[in-house]
Amino acid sequence: MDHKLQLVVGLDADLKTARIDVQGCLTAASCQALLCVLRRAHSLAADVSLTLDLREARHLETEALEMLGYLPAPSSANATAIYSEVRCVLEGVGVVVLLLPKLSPVCRMDRVPADTYSDVARLLHLHSA
Ligand SMILES: [Zn+2]
């Protein structure tokens with residue numbers, strides 16, 4: 001499955017705040033690109049306050065969240081009930097406020113083929129009956 005990352009970067013005219021909305025899939029690989037964008041945003045103004053909104057992401061890999069400095073407790077029985085707002089300090093970026101979805105999502109794209117195949121299987125079954 002092709003995981004595509006889409007970023008919407010919003011900057012205030014006075015460069016006090018920057019907000020990056022993450023859509024699509026955030027994987028360990030695409031997180032590198034996201035970190036570049038964060039560093040870039042930080043380089044515009046040293047005191048810029050960065051917010052990373054992950055609530056609209058279709059897919060968040062745990063590894064990517066770890067790269068962003070957010071570490072879900074692995075042994076927690078409550079691992080899906082994560083904080084909705086986390087402050088992280090990233091190297092070369094500084095403080096980033098992460099806005100997280102309540103659930104740790106799996107890729108919704110990955111589920112599509114399974115549904116498609118089961119529909120096909122049902123149709124085939126109907127036709128052969
Ligand atoms: Zn994905």
# chains A, B, ... in the order shown; residues from 1 in each chain; ligands from 1
$ residues_around --residues "range 30-41 of chain A" --least-positions-apart "5" --cutoff "12 Å" --atoms "only C-alpha atoms" --output "ChimeraX atom specification"
/A:2-12,15-25,46-54,59-69,89-98
$ closest_residue --among "A:Leu44, A:Lys102, A:Arg58, A:Glu85" --to "ligand 1" --atoms "only C-alpha atoms and all ligand atoms"
A:Arg58
$ atom_distance --atom1 "CA of Ala29 in chain A" --atom2 "CA of Leu100 in chain A"
19.1 Å
$ closest_residue --among "A:Thr27, A:Arg55, A:Tyr70, A:Asp14" --to "ligand 1" --atoms "only C-alpha atoms and all ligand atoms"
A:Thr27
$ closest_residue --among "A:Ala45, A:Val86, A:Ala13, A:Ala57" --to "ligand 1" --atoms "only C-alpha atoms and all ligand atoms"
A:Ala57
